[in-house]
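Worksheet for the structure shown next.
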Amino acid sequence: MKKLFTLCLIHQDQKILLGLKKRGFGAGYWNGFGGKIKEGESLEDATEREVEEEISVKVDNFEKVGILDFEFQGDSQILQVHIFKTANFSGAPEESEEMRPQWFDVSEIPFEKMWPDDKYW
């Protein structure tokens with residue numbers, strides 16, 4: 001059985017908004033915004049909730065752009081991540097207990113401080 005997650009990438013012009021994960025799974029890595037889906041919650045609702053919890057912005061007009069299955073060595077659990085992207089949000093990104101947001105030029109994405117496979121997708 002797969003565990004479902006969401007990931008939202010906010011991209012405007014030649015900039016992408018990433019968050020430095022400050023605690024928990026993935027701490028120390030830059031990533032998009034998202035997380036676990038609560039029981040009874042749609043993927044879209046989970047995406048909106050997670051982005052708002054992590055950086056205090058509301059996303060809209062986001063579109064699903066992919067699904068990735070991740071398997072970690074020594075762990076048989078498959079993590080299925082539903083990936084969304086948008087250029088539309090309201091509010092100003094703010095740091096939370098979990099994430100510190102920062103805009104990057106797409107030519108300067110910090111792949112060396114991200115999950116090793118991020119550079120491939």
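By convention here, the chains of the structure tokens are called A, B, ... in the order presented, each chain's residues are numbered starting at 1, and ligands are numbered starting at 1 in the order presented.
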**Report entry** For A:Gly32: contacts at 6 Å, only C-alpha atoms, fewer than 2 positions along chain excluded, given as a list of chain:residue names
**Finding:** A:Leu7, A:Cys8, A:Leu9, A:Leu18
With N, CA, C and O atoms retained, could you export that selection as a compact mmCIF listing (two decimals), in the first residue's frame?
# COMPACT_ATOMS: atom_id res chain seq x y z
N LEU A 7 2.75 17.75 -3.33
CA LEU A 7 3.86 18.67 -3.43
C LEU A 7 3.45 19.76 -4.41
O LEU A 7 3.02 19.46 -5.53
N CYS A 8 3.56 21.02 -3.99
CA CYS A 8 3.18 22.14 -4.84
C CYS A 8 4.40 23.00 -5.13
O CYS A 8 5.10 23.42 -4.21
N LEU A 9 4.62 23.24 -6.42
CA LEU A 9 5.71 24.10 -6.86
C LEU A 9 5.12 25.43 -7.32
O LEU A 9 4.23 25.44 -8.18
N LEU A 18 10.88 27.99 -3.14
CA LEU A 18 11.16 26.75 -2.43
C LEU A 18 11.18 27.03 -0.94
O LEU A 18 11.32 28.18 -0.52
Report task. Would you please give, as a ChimeraX atom specification, all residues of chain A that DSSP assigns to strand (DSSP E or B) based on the backbone? Result -> /A:2-12,15-21,30-31,33,36,58-60,63-71,78-86,88-90,99-105
**Report entry** Residue with smallest distance to A:Lys64 - pool A:His82, A:His11, A:Lys22, A:Lys3, counting only C-alpha atoms
**Finding:**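 Closest candidate: A:His82.
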Query - Near-A:Arg23 list (9 Å; only C-alpha atoms; drop same-chain fewer than 6 positions) as a PyMOL selection string - result: chain A and resi 97-99
How close does each residue of stretch 56-111 of chain A get to stretch 26-30 of chain A, giving the shortest atom pair and distance in Å to one decimal for every residue with an atom at most 10 Å away, counting only C-alpha atoms, sorted by chain and residue number, as a Markdown table?
| residue | atom | partner | partner_atom | distance |
| --- | --- | --- | --- | --- |
| A:Glu98 | CA | A:Ala27 | CA | 8.7 |
| A:Met99 | CA | A:Trp30 | CA | 9.0 |
| A:Arg100 | CA | A:Trp30 | CA | 9.0 |
| A:Pro101 | CA | A:Trp30 | CA | 8.9 |
| A:Gln102 | CA | A:Trp30 | CA | 9.2 |
| A:Ile109 | CA | A:Trp30 | CA | 9.2 |
| A:Pro110 | CA | A:Trp30 | CA | 7.4 |
| A:Phe111 | CA | A:Trp30 | CA | 8.1 |
Writing out the chosen residues with N, CA, C and O atoms as a compact mmCIF listing (two decimals), in the first residue's frame:
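Ended up saving to selection-v7.txt:
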# COMPACT_ATOMS: atom_id res chain seq x y z
N GLU A 98 7.97 25.09 10.36
CA GLU A 98 8.40 23.97 9.52
C GLU A 98 9.24 24.37 8.30
O GLU A 98 10.15 23.65 7.91
N MET A 99 8.93 25.53 7.70
CA MET A 99 9.57 25.89 6.43
C MET A 99 9.99 27.36 6.40
O MET A 99 9.30 28.23 6.94
N ARG A 100 11.13 27.61 5.72
CA ARG A 100 11.59 28.97 5.45
C ARG A 100 11.57 29.18 3.93
O ARG A 100 12.40 28.62 3.22
N PRO A 101 10.61 29.96 3.42
CA PRO A 101 10.50 30.14 1.97
C PRO A 101 11.55 31.10 1.42
O PRO A 101 11.97 32.05 2.09
N GLN A 102 11.93 30.83 0.17
CA GLN A 102 12.88 31.72 -0.52
C GLN A 102 12.70 31.55 -2.02
O GLN A 102 12.55 30.43 -2.52
N ILE A 109 18.71 26.99 -8.92
CA ILE A 109 18.03 26.09 -7.99
C ILE A 109 19.10 25.33 -7.20
O ILE A 109 20.04 24.79 -7.79
N PRO A 110 19.00 25.29 -5.87
CA PRO A 110 20.05 24.68 -5.04
C PRO A 110 19.98 23.15 -4.98
O PRO A 110 19.77 22.55 -3.92
N PHE A 111 20.16 22.51 -6.13
CA PHE A 111 20.02 21.05 -6.20
C PHE A 111 20.95 20.33 -5.22
O PHE A 111 20.61 19.25 -4.74
Requested in this report: If you run DSSP over the backbone, which residues in stretch 3-117 of chain A end up alpha helix (DSSP H)? Put them as a list in words.
Outcome: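 Here are the alpha helix (DSSP H) residues of stretch 3-117 of chain A: Leu43, Glu44, Asp45, Ala46, Thr47, Glu48, Arg49, Glu50, Val51, Glu52, Glu53, Glu54 and Ile55 of chain A.
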Output all heavy atoms for every residue in that selection, as a CSV table (one decimal), in the first residue's frame.
chain,number,residue,atom,x,y,z
A,43,LEU,N,-6.8,15.4,-2.8
A,43,LEU,CA,-5.4,15.8,-3.1
A,43,LEU,C,-5.3,17.4,-3.2
A,43,LEU,O,-4.4,18.0,-2.7
A,43,LEU,CB,-4.9,15.2,-4.4
A,43,LEU,CG,-4.7,13.7,-4.4
A,43,LEU,CD1,-4.5,13.2,-5.8
A,43,LEU,CD2,-3.5,13.3,-3.5
A,44,GLU,N,-6.3,17.9,-3.8
A,44,GLU,CA,-6.3,19.4,-4.0
A,44,GLU,C,-6.5,20.1,-2.7
A,44,GLU,O,-5.8,21.1,-2.4
A,44,GLU,CB,-7.4,19.8,-5.0
A,44,GLU,CG,-7.2,19.3,-6.4
A,44,GLU,CD,-7.5,17.8,-6.7
A,44,GLU,OE1,-8.1,17.2,-5.8
A,44,GLU,OE2,-7.1,17.3,-7.7
A,45,ASP,N,-7.4,19.6,-1.9
A,45,ASP,CA,-7.6,20.3,-0.6
A,45,ASP,C,-6.4,20.1,0.3
A,45,ASP,O,-6.0,21.1,1.0
A,45,ASP,CB,-8.8,19.6,0.2
A,45,ASP,CG,-10.2,20.0,-0.4
A,45,ASP,OD1,-10.2,21.0,-1.2
A,45,ASP,OD2,-11.2,19.3,-0.1
A,46,ALA,N,-5.7,19.0,0.2
A,46,ALA,CA,-4.5,18.8,1.0
A,46,ALA,C,-3.4,19.7,0.5
A,46,ALA,O,-2.7,20.3,1.3
A,46,ALA,CB,-4.0,17.3,0.9
A,47,THR,N,-3.3,19.9,-0.8
A,47,THR,CA,-2.3,20.8,-1.3
A,47,THR,C,-2.6,22.2,-0.8
A,47,THR,O,-1.6,22.9,-0.3
A,47,THR,CB,-2.4,20.8,-2.9
A,47,THR,OG1,-2.1,19.5,-3.3
A,47,THR,CG2,-1.4,21.8,-3.5
A,48,GLU,N,-3.8,22.7,-0.9
A,48,GLU,CA,-4.1,24.1,-0.4
A,48,GLU,C,-3.8,24.2,1.1
A,48,GLU,O,-3.2,25.2,1.5
A,48,GLU,CB,-5.6,24.4,-0.7
A,48,GLU,CG,-5.9,24.6,-2.1
A,48,GLU,CD,-7.4,24.7,-2.4
A,48,GLU,OE1,-8.2,24.5,-1.4
A,48,GLU,OE2,-7.8,25.1,-3.5
A,49,ARG,N,-4.2,23.2,1.9
A,49,ARG,CA,-4.0,23.3,3.3
A,49,ARG,C,-2.5,23.3,3.7
A,49,ARG,O,-2.0,24.1,4.5
A,49,ARG,CB,-4.7,22.1,4.0
A,49,ARG,CG,-4.4,22.0,5.5
A,49,ARG,CD,-5.0,20.8,6.1
A,49,ARG,NE,-4.7,19.5,5.5
A,49,ARG,CZ,-3.5,18.9,5.6
A,49,ARG,NH1,-2.5,19.5,6.3
A,49,ARG,NH2,-3.2,17.8,5.0
A,50,GLU,N,-1.8,22.4,3.1
A,50,GLU,CA,-0.3,22.3,3.4
A,50,GLU,C,0.4,23.6,3.0
A,50,GLU,O,1.3,24.0,3.8
A,50,GLU,CB,0.3,21.1,2.7
A,50,GLU,CG,-0.1,19.7,3.3
A,50,GLU,CD,0.7,19.4,4.6
A,50,GLU,OE1,1.7,20.1,4.9
A,50,GLU,OE2,0.3,18.5,5.3
A,51,VAL,N,0.2,24.1,1.8
A,51,VAL,CA,0.9,25.4,1.4
A,51,VAL,C,0.5,26.5,2.4
A,51,VAL,O,1.4,27.2,2.9
A,51,VAL,CB,0.5,25.8,0.0
A,51,VAL,CG1,1.1,27.1,-0.3
A,51,VAL,CG2,1.0,24.7,-1.0
A,52,GLU,N,-0.7,26.6,2.8
A,52,GLU,CA,-1.1,27.6,3.7
A,52,GLU,C,-0.5,27.4,5.1
A,52,GLU,O,0.0,28.4,5.7
A,52,GLU,CB,-2.6,27.7,3.9
A,52,GLU,CG,-3.1,28.9,4.7
A,52,GLU,CD,-4.5,29.3,4.6
A,52,GLU,OE1,-5.3,28.5,3.9
A,52,GLU,OE2,-4.9,30.3,5.1
A,53,GLU,N,-0.4,26.2,5.6
A,53,GLU,CA,0.2,25.9,6.9
A,53,GLU,C,1.7,26.2,6.8
A,53,GLU,O,2.2,26.7,7.8
A,53,GLU,CB,0.0,24.4,7.3
A,53,GLU,CG,-1.4,24.1,7.7
A,53,GLU,CD,-1.6,22.6,8.0
A,53,GLU,OE1,-0.6,21.8,7.9
A,53,GLU,OE2,-2.7,22.2,8.3
A,54,GLU,N,2.3,25.9,5.7
A,54,GLU,CA,3.8,26.0,5.7
A,54,GLU,C,4.3,27.4,5.4
A,54,GLU,O,5.4,27.7,5.9
A,54,GLU,CB,4.3,25.0,4.6
A,54,GLU,CG,4.2,23.5,5.1
A,54,GLU,CD,4.7,22.5,4.1
A,54,GLU,OE1,5.0,22.9,2.9
A,54,GLU,OE2,4.7,21.3,4.5
A,55,ILE,N,3.6,28.2,4.5
A,55,ILE,CA,4.1,29.5,4.2
A,55,ILE,C,3.1,30.6,4.2
A,55,ILE,O,3.3,31.7,3.7
A,55,ILE,CB,4.9,29.5,2.9
A,55,ILE,CG1,4.0,29.0,1.7
A,55,ILE,CG2,6.2,28.7,3.0
A,55,ILE,CD1,4.6,29.2,0.4
Query raised in the report: Neighbours of A:Asp117 within 12 Å (only C-alpha atoms; same-chain residues fewer than 3 positions away dropped), as number ranges by chain?
Result: A: 31, 68-72, 111-114, 120-121
